[in-house]
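J.: Quick one, protein-v2.txt (compact mmCIF, C-alpha atoms):
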# COMPACT_ATOMS: atom_id res chain seq x y z
CA MET K 891 96.96 90.62 63.20
CA LEU K 892 98.56 93.38 65.24
CA LEU K 893 97.85 91.83 68.65
CA PRO K 894 100.21 88.84 68.25
CA PHE K 895 103.09 91.21 67.44
CA LEU K 896 102.16 93.34 70.46
CA LEU K 897 102.29 90.22 72.61
CA TYR K 898 105.78 89.36 71.34
CA GLY K 899 106.83 92.93 72.01
CA PHE K 900 105.30 92.83 75.49
CA ILE K 901 107.26 89.67 76.31
CA ALA K 902 110.46 91.26 74.99
CA PHE K 903 110.01 94.48 77.00
CA SER K 904 109.17 92.47 80.12
CA SER K 905 112.34 90.42 79.65
CA ILE K 906 114.47 93.54 79.27
CA LEU K 907 113.12 95.00 82.51
CA ILE K 908 113.61 91.73 84.39
CA VAL K 909 117.23 91.61 83.18
CA TYR K 910 117.75 95.15 84.51
CA TYR K 911 116.25 94.24 87.89
CA LEU K 912 118.06 90.91 88.31
CA PHE K 913 121.48 91.72 86.86
CA VAL K 914 121.92 95.48 87.27
CA PHE K 915 119.81 96.98 90.06
CA SER K 916 120.25 93.91 92.28
CA GLN K 917 123.96 94.79 92.47
CA PHE K 918 123.05 97.58 94.86
CA SER K 919 119.89 96.14 96.38
CA PHE K 920 121.67 93.02 97.65
CA ALA K 921 125.05 94.64 98.31
CA LYS K 922 126.46 94.07 101.76
CA LYS K 923 127.39 96.99 103.98
CA ASN K 924 131.03 97.99 103.82
CA GLU K 925 132.54 97.65 107.27
CA LYS K 926 135.72 99.62 106.59
CA LYS K 927 137.16 101.31 109.65
CA ALA K 928 137.23 105.08 109.96
CA GLN K 929 140.37 106.88 108.84
CA LYS K 930 141.94 110.10 110.07
CA LEU K 931 142.53 111.72 106.71
CA PRO K 932 142.44 115.54 106.55
CA ILE K 933 139.16 116.45 104.84
CA SER K 934 137.97 119.68 103.22
CA VAL K 935 134.18 119.98 103.17
CA ILE K 936 133.22 122.27 100.30
CA ILE K 937 129.95 124.21 100.21
CA CYS K 938 129.13 126.52 97.31
CA ALA K 939 126.38 129.02 98.15
CA LYS K 940 124.55 131.62 96.11
CA ASN K 941 121.96 133.63 98.06
CA GLU K 942 121.78 130.97 100.76
CA ALA K 943 121.92 133.08 103.95
CA GLU K 944 118.89 131.41 105.52
CA ASN K 945 119.90 127.88 104.58
CA LEU K 946 123.46 128.34 105.83
CA THR K 947 122.14 129.60 109.16
CA HIS K 948 119.99 126.50 109.50
CA PHE K 949 122.19 123.77 108.01
CA LEU K 950 125.82 124.78 108.55
CA PRO K 951 125.78 123.88 112.29
CA HIS K 952 125.18 120.25 111.27
CA ILE K 953 128.49 120.32 109.39
CA ILE K 954 130.36 122.12 112.16
CA GLN K 955 129.21 119.53 114.71
CA GLN K 956 130.65 116.58 112.81
CA GLU K 957 132.63 114.11 114.93
CA TYR K 958 135.86 114.13 112.98
CA GLU K 959 139.33 115.11 114.14
CA ASN K 960 140.77 116.89 111.13
CA PHE K 961 138.50 118.78 108.76
CA GLU K 962 138.03 122.26 107.42
CA ILE K 963 134.93 123.83 105.89
CA VAL K 964 135.42 125.83 102.69
CA LEU K 965 132.49 128.20 102.22
CA ILE K 966 132.23 129.65 98.71
CA ASN K 967 130.16 132.78 98.33
CA ASP K 968 129.21 132.80 94.67
CA ALA K 969 128.42 136.49 94.07
CA SER K 970 125.42 136.46 96.41
CA ILE K 971 123.24 139.55 96.67
CA ASP K 972 121.71 138.64 100.05
CA ASN K 973 123.47 138.27 103.44
CA THR K 974 125.24 135.02 102.55
CA LEU K 975 128.72 136.49 103.04
CA THR K 976 127.74 138.06 106.38
CA VAL K 977 126.44 134.72 107.64
CA MET K 978 129.65 133.01 106.51
CA GLU K 979 131.78 135.59 108.28
CA ARG K 980 129.80 135.19 111.49
CA PHE K 981 130.37 131.43 111.53
CA ALA K 982 134.04 131.85 110.55
CA SER K 983 134.63 134.22 113.48
CA GLN K 984 133.48 131.48 115.84
CA HIS K 985 135.11 128.46 114.19
CA PRO K 986 138.76 128.61 113.06
CA ASN K 987 138.39 125.63 110.71
CA ILE K 988 136.12 127.64 108.38
CA LYS K 989 137.66 129.24 105.30
CA ILE K 990 135.73 131.69 103.11
CA VAL K 991 136.22 132.10 99.37
CA ASP K 992 134.39 135.20 98.16
CA VAL K 993 133.77 134.98 94.41
CA ALA K 994 132.84 138.04 92.37
CA ASN K 995 131.01 137.72 89.05
CA ASN K 996 133.37 136.98 86.20
CA GLU K 997 132.15 138.13 82.80
CA ALA K 998 133.50 135.04 81.06
CA PHE K 999 131.83 132.66 83.54
CA TRP K 1000 128.86 134.68 84.72
CA GLY K 1001 126.35 132.61 86.63
CA ASN K 1002 128.47 129.45 86.30
CA LYS K 1003 128.73 127.48 89.54
CA LYS K 1004 131.72 125.57 88.17
CA TYR K 1005 133.86 128.71 88.18
CA ALA K 1006 133.09 129.35 91.86
CA LEU K 1007 133.68 125.69 92.75
CA THR K 1008 137.02 125.73 90.96
CA LEU K 1009 138.21 128.63 93.11
CA GLY K 1010 136.97 126.87 96.23
CA ILE K 1011 138.74 123.62 95.36
CA LYS K 1012 141.97 125.49 94.71
CA ALA K 1013 141.67 127.20 98.09
CA ALA K 1014 141.07 123.93 99.96
CA THR K 1015 143.95 123.07 102.28
CA ASN K 1016 143.43 119.32 102.13
CA ASP K 1017 143.60 116.85 99.26
CA TYR K 1018 140.48 114.91 100.22
CA LEU K 1019 137.35 116.82 99.22
CA LEU K 1020 133.80 116.23 100.40
CA PHE K 1021 130.94 118.14 98.79
CA ILE K 1022 127.51 119.08 100.12
CA ASP K 1023 124.97 121.74 99.15
CA ALA K 1024 124.13 124.79 101.26
CA ASP K 1025 120.52 123.64 101.67
CA CYS K 1026 121.55 120.22 102.86
CA LYS K 1027 122.45 118.50 106.13
CA PRO K 1028 123.99 115.15 107.11
CA VAL K 1029 121.59 112.86 108.96
CA SER K 1030 124.26 112.08 111.55
CA ASN K 1031 127.44 113.55 113.03
CA LYS K 1032 129.42 110.65 111.51
CA TRP K 1033 128.88 111.74 107.91
CA ILE K 1034 132.49 112.81 107.26
CA GLN K 1035 133.75 109.67 108.95
CA LYS K 1036 131.58 107.37 106.84
CA MET K 1037 132.30 109.04 103.52
CA SER K 1038 136.05 109.46 104.04
CA ARG K 1039 136.72 105.89 105.21
CA HIS K 1040 136.67 104.66 101.60
CA PHE K 1041 139.59 106.73 100.33
CA SER K 1042 142.66 104.68 99.46
CA ALA K 1043 145.45 104.46 96.93
CA LYS K 1044 142.84 102.86 94.64
CA ASN K 1045 139.60 104.64 95.54
CA LYS K 1046 139.64 108.30 94.51
CA PHE K 1047 135.86 108.84 94.14
CA VAL K 1048 133.16 108.09 96.72
CA LEU K 1049 129.51 108.31 95.67
CA GLY K 1050 127.05 109.00 98.48
CA TYR K 1051 123.29 109.30 98.82
CA GLY K 1052 121.48 112.63 99.06
CA GLY K 1053 117.80 112.27 99.87
CA TYR K 1054 114.92 114.62 100.61
CA GLN K 1055 113.14 115.33 103.88
CA LYS K 1056 109.75 113.71 104.34
CA THR K 1057 106.54 115.72 104.38
CA LYS K 1058 103.45 113.95 105.69
CA ASN K 1059 100.38 113.63 103.46
CA SER K 1060 102.13 115.10 100.40
CA LEU K 1061 101.90 113.22 97.11
CA LEU K 1062 104.50 115.49 95.52
CA ASN K 1063 106.95 114.87 98.36
CA ALA K 1064 106.54 111.11 98.08
CA LEU K 1065 106.95 111.25 94.29
CA VAL K 1066 110.10 113.39 94.56
CA ARG K 1067 111.59 110.98 97.08
CA PHE K 1068 110.72 107.97 94.92
CA GLU K 1069 112.34 109.54 91.85
CA THR K 1070 115.44 110.30 93.93
CA ILE K 1071 115.52 106.69 95.14
CA GLN K 1072 115.18 105.33 91.62
CA THR K 1073 118.05 107.54 90.44
CA ALA K 1074 120.19 106.40 93.38
CA ILE K 1075 119.45 102.74 92.66
CA GLN K 1076 120.65 103.29 89.12
CA TYR K 1077 123.90 105.16 89.80
CA PHE K 1078 124.82 102.96 92.76
CA SER K 1079 124.09 99.80 90.76
CA TYR K 1080 126.06 100.86 87.71
CA ALA K 1081 128.96 101.83 89.97
CA LYS K 1082 128.83 98.34 91.52
CA CYS K 1083 128.87 96.93 87.98
CA GLY K 1084 132.08 98.85 87.30
CA ASN K 1085 130.50 101.68 85.32
CA PRO K 1086 129.96 104.76 87.52
CA TYR K 1087 128.15 107.33 85.40
CA MET K 1088 127.04 110.02 87.85
CA GLY K 1089 127.00 111.27 91.43
CA VAL K 1090 125.10 113.98 93.28
CA GLY K 1091 126.71 117.17 94.59
CA ARG K 1092 124.65 116.87 97.77
CA ASN K 1093 126.92 114.01 98.85
CA LEU K 1094 130.07 113.35 96.86
CA ALA K 1095 133.78 113.00 97.61
CA TYR K 1096 136.93 112.81 95.54
CA HIS K 1097 140.66 113.42 95.72
CA LYS K 1098 141.86 116.84 94.62
CA SER K 1099 144.39 115.28 92.25
CA GLU K 1100 141.53 113.87 90.16
CA PHE K 1101 140.19 117.37 89.69
CA PHE K 1102 143.50 118.80 88.50
CA ASN K 1103 144.37 115.75 86.39
CA ALA K 1104 141.13 116.34 84.51
CA ASN K 1105 141.82 120.09 84.21
CA GLY K 1106 138.82 120.66 86.41
CA PHE K 1107 135.54 121.28 84.63
CA ILE K 1108 137.20 122.61 81.48
CA ARG K 1109 135.68 120.01 79.15
CA HIS K 1110 132.14 121.00 80.11
CA MET K 1111 132.59 124.51 81.51
CA HIS K 1112 130.26 125.78 78.75
CA ILE K 1113 127.46 123.64 80.22
CA ARG K 1114 125.89 125.42 83.19
CA SER K 1115 125.06 122.26 85.14
CA GLY K 1116 127.03 119.04 85.62
CA ASP K 1117 129.61 119.99 88.25
CA ASP K 1118 128.74 116.68 89.90
CA ASP K 1119 127.32 114.19 87.40
CA LEU K 1120 129.30 115.25 84.30
CA PHE K 1121 132.54 115.36 86.27
CA ILE K 1122 131.88 111.82 87.53
CA ASN K 1123 130.79 110.66 84.07
CA GLU K 1124 134.05 111.81 82.53
CA ASN K 1125 136.53 110.82 85.24
CA ALA K 1126 135.21 108.05 87.48
CA THR K 1127 135.87 104.43 86.52
CA GLY K 1128 135.15 101.02 87.95
CA LYS K 1129 138.72 100.92 89.27
CA ASN K 1130 138.83 104.26 91.12
CA THR K 1131 135.26 104.58 92.42
CA THR K 1132 133.29 103.13 95.32
CA ILE K 1133 129.94 103.82 96.98
CA GLU K 1134 128.84 104.59 100.56
CA PHE K 1135 125.21 104.00 101.52
CA SER K 1136 125.13 103.39 105.28
CA THR K 1137 122.40 105.38 107.00
CA ASP K 1138 124.90 107.58 108.86
CA SER K 1139 126.37 108.70 105.53
CA HIS K 1140 123.11 110.05 104.08
CA THR K 1141 122.36 113.74 103.59
CA LEU K 1142 118.93 115.36 103.45
CA SER K 1143 117.61 118.45 101.68
CA PRO K 1144 114.21 120.14 101.81
CA ALA K 1145 112.13 118.75 98.96
CA PRO K 1146 110.69 121.02 96.27
CA LYS K 1147 107.43 122.46 97.59
CA ASN K 1148 105.55 122.62 94.30
CA PHE K 1149 105.53 120.95 90.91
CA LYS K 1150 106.84 124.06 89.16
CA THR K 1151 110.05 124.06 91.23
CA TRP K 1152 110.53 120.32 90.81
CA ILE K 1153 109.94 120.45 87.06
CA ALA K 1154 112.56 123.20 86.73
CA GLN K 1155 115.01 121.09 88.71
CA LYS K 1156 114.43 117.93 86.67
CA ARG K 1157 114.65 119.85 83.40
CA ARG K 1158 118.20 120.87 84.37
CA HIS K 1159 119.15 117.31 85.29
CA ILE K 1160 117.75 115.76 82.12
CA SER K 1161 119.34 118.41 79.90
CA THR K 1162 122.72 117.52 81.40
CA ALA K 1163 122.26 113.79 80.84
CA LYS K 1164 122.48 114.22 77.06
CA HIS K 1165 126.19 114.96 77.56
CA TYR K 1166 126.90 111.60 79.22
CA HIS K 1167 128.98 108.98 77.43
CA PHE K 1168 126.97 107.27 74.71
CA LYS K 1169 126.92 103.90 76.46
CA ASP K 1170 125.48 105.49 79.60
CA GLN K 1171 122.79 107.29 77.63
CA PHE K 1172 121.99 104.05 75.80
CA PHE K 1173 121.42 101.97 78.93
CA LEU K 1174 119.42 104.71 80.68
CA VAL K 1175 117.23 105.36 77.64
CA ALA K 1176 116.78 101.63 76.97
CA PHE K 1177 115.44 101.15 80.49
CA TYR K 1178 113.05 104.07 80.15
CA ILE K 1179 111.76 102.95 76.73
CA ALA K 1180 111.29 99.39 78.02
CA GLN K 1181 109.22 100.79 80.91
CA VAL K 1182 107.04 102.85 78.57
CA LEU K 1183 106.43 100.06 76.07
CA PHE K 1184 105.86 97.46 78.78
CA TRP K 1185 102.89 99.39 80.17
CA VAL K 1186 101.58 100.53 76.77
CA THR K 1187 101.52 97.01 75.32
CA ALA K 1188 100.16 95.54 78.57
CA ILE K 1189 97.27 97.99 78.65
CA ILE K 1190 96.41 97.40 74.97
CA LEU K 1191 96.54 93.61 75.30
CA LEU K 1192 94.41 93.60 78.43
CA SER K 1193 91.94 96.04 76.85
CA PHE K 1194 91.32 93.52 74.06
CA SER K 1195 91.50 90.55 76.47
CA TYR K 1196 94.12 89.05 74.19
CA GLN K 1197 95.97 86.22 75.96
CA TRP K 1198 95.04 88.02 79.17
CA GLN K 1199 96.01 85.07 81.38
CA LEU K 1200 99.55 85.03 80.00
CA VAL K 1201 99.81 88.83 80.10
CA THR K 1202 98.63 88.90 83.72
CA ILE K 1203 101.13 86.23 84.74
CA ILE K 1204 104.02 88.11 83.10
CA ILE K 1205 102.96 91.38 84.76
CA GLY K 1206 102.85 89.56 88.09
CA ILE K 1207 106.35 88.10 87.61
CA LYS K 1208 107.76 91.48 86.61
CA LEU K 1209 106.17 93.23 89.58
CA ALA K 1210 107.21 90.53 92.03
CA ILE K 1211 110.87 90.77 90.99
CA GLN K 1212 110.74 94.58 90.97
CA TYR K 1213 109.16 94.76 94.43
CA VAL K 1214 111.83 92.49 95.91
CA VAL K 1215 114.75 94.35 94.30
CA TYR K 1216 113.37 97.80 95.06
CA GLY K 1217 112.27 96.72 98.52
CA TYR K 1218 115.83 95.92 99.60
CA ALA K 1219 117.09 99.17 98.06
CA LEU K 1220 114.41 101.24 99.79
CA LYS K 1221 115.33 99.67 103.11
CA LYS K 1222 118.99 100.55 102.61
CA LEU K 1223 118.05 104.17 101.90
CA ASN K 1224 115.51 104.40 104.73
CA GLU K 1225 112.49 104.87 102.47
CA GLN K 1226 110.63 101.59 103.08
CA ASN K 1227 107.20 103.22 103.20
CA LEU K 1228 107.40 104.14 99.49
CA ILE K 1229 107.15 100.48 98.46
CA ILE K 1230 103.34 100.59 98.77
CA MET K 1231 103.04 103.12 95.92
CA LEU K 1232 105.81 101.71 93.72
CA THR K 1233 103.75 100.86 90.64
CA PHE K 1234 101.71 104.06 90.80
CA PHE K 1235 104.85 106.19 91.10
CA GLU K 1236 106.58 104.30 88.29
CA ILE K 1237 103.75 105.05 85.85
CA LEU K 1238 103.49 108.65 87.06
CA LEU K 1239 107.22 109.18 86.55
CA ILE K 1240 107.08 107.72 83.05
CA VAL K 1241 104.49 110.33 82.09
CA PHE K 1242 106.33 113.10 83.94
CA GLN K 1243 109.68 112.33 82.27
CA MET K 1244 108.06 112.25 78.86
CA PHE K 1245 106.64 115.71 79.54
CA ILE K 1246 110.13 116.94 80.52
CA PHE K 1247 111.72 115.52 77.35
CA ILE K 1248 109.13 117.27 75.21
CA LYS K 1249 109.41 120.56 77.11
CA ASN K 1250 113.23 120.55 76.93
CA SER K 1251 113.09 120.03 73.17
CA PHE K 1252 111.27 123.35 72.78
CA SER K 1253 112.99 125.52 75.39
CA LYS K 1254 116.16 125.55 77.49
CA PRO K 1255 115.97 125.05 81.26
CA ILE K 1256 117.17 127.71 83.73
CA HIS K 1257 120.34 126.74 85.62
CA TRP K 1258 122.37 127.92 88.67
CA LYS K 1259 120.43 130.71 90.31
Output the structure of this file as structure tokens.

T.:
Amino acid sequence: MLLPFLLYGFIAFSSILIVYYLFVFSQFSFAKKNEKKAQKLPISVIICAKNEAENLTHFLPHIIQQEYENFEIVLINDASIDNTLTVMERFASQHPNIKIVDVANNEAFWGNKKYALTLGIKAATNDYLLFIDADCKPVSNKWIQKMSRHFSAKNKFVLGYGGYQKTKNSLLNALVRFETIQTAIQYFSYAKCGNPYMGVGRNLAYHKSEFFNANGFIRHMHIRSGDDDLFINENATGKNTTIEFSTDSHTLSPAPKNFKTWIAQKRRHISTAKHYHFKDQFFLVAFYIAQVLFWVTAIILLSFSYQWQLVTIIIGIKLAIQYVVYGYALKKLNEQNLIIMLTFFEILLIVFQMFIFIKNSFSKPIHWK
């Protein structure tokens, strides 16, 4: 008696996923490249660093070498205890377009990246702000050009893509990159649908006026994380936000080297998501639940060989649509080789995310170092 109801549920969950693929995620997957011409707007690139001496030494030259006429680099030293400030001063002595903001610990905002970022934004000379992390580099010297070309009287927010460097023969690296791609597909697609809900601080731009109009991070200053996604969730709209995904606009960071580091990172991200607008949480959770129940009901039905022909056909249709939609997205984000492991990674991520949800319900994640 239970199997017929499971079949109906399986069909319903399959339909929900197909709707997501065809009407939401396809918005990004099949989006055409924006051929807007480069502008000559004055840009302030903002980098907040805490104990990042080594990363700044390695990655900052990629920012300095950008082919753009008018930009400054605002380096924020967030109470580092290593040689971060010394490294910043060395670069600043050689490049006059570098400005240093040295932030001491503030008892009221101790360990809060948003406090340091606020001081850096206030110190920025220019109104157009472009954010990147200290352990991150643009893939090309046209990064500023590609991200800044979207600013206009209408567009105040530009969402970019921040990926991870590839490591050969590493399952963890491939899984991390796939999860990053899936997240990007979601936030790019929702932005294309007129509902931007997040961005990543590794590659994000907005007009300074939007920061001050929102009173900065004041509404979520008590939350350690969220200087990127919560700020976008609260202030970006379908009318003032656009996306940039051309290859030259991408940034890359070293991927987490072990599961412990990655789990800590994802725990922070997931704990922040509970502060999103309700509608955003609803659509994200609905997709995840549909994924879980699709595979659970499929496995049960196939285990009992109940209507296995129909179940197999539906699985095939779902996978075919998913592979096409994800395939185009992976090509846009230069991760085509991940398509081979798509189904395996999807199931692995479902289990991994469930573990994170459970772990977060029993203990709080550790935030900004």

J.: Tell me, in Å to one decimal, how far CA of Ile1237 in chain K is from CA of Val1215 in chain K.

T.: 17.5 Å

J.: Which neighbours of Asp1017 in chain K fall inside 12 Å, counting all atoms listed in the file, when residues of the same chain fewer than 3 positions from it are skipped, and could you give them as a VMD selection string?

T.: chain K and resid 931 to 936 961 to 962 1011 to 1014 1020 1038 1041 1046 1095 to 1102

J.: Please provide as a PyMOL selection string all residues within 12 Å of Gln956 in chain K, with the sequence filter that same-chain residues fewer than 3 positions apart are discarded (counting only C-alpha atoms).

T.: chain K and resi 933+935+950-953+959-963+1027-1036+1138-1139

J.: Find the residue from K:Phe1194, K:Phe949, K:Phe1068, K:Tyr1213 that sits nearest to Leu1238 in chain K; use all atoms listed in the file when measuring.

T.: K:Phe1068

J.: Counting all atoms listed in the file, which of K:Val1090, K:Val914, K:Cys938, K:Leu1062 gets nearest to Ala1024 in chain K?

T.: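 For Ala1024 in chain K, the nearest of the candidates is K:Cys938.
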
J.: What is the distance between CA of Arg1158 in chain K and CA of His1112 in chain K, in Å to one decimal?

T.: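 Separating CA of Arg1158 in chain K from CA of His1112 in chain K is a distance of 14.2 Å.
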
J.: To one decimal place, how far is CA of Phe1135 in chain K from CA of Ala1219 in chain K in Å?

T.: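 Interatomic distance, CA of Phe1135 in chain K to CA of Ala1219 in chain K: 10.1 Å.
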
J.: So that all listed atoms of range 1030-1034 of chain K fit with 4 Å spare on each side, what axis-aligned box centre and edge lengths in Å, to one decimal, would you give as lines of an AutoDock Vina configuration file?

T.:
center_x = 128.4
center_y = 112.1
center_z = 110.1
size_x = 16.2
size_y = 10.9
size_z = 13.8
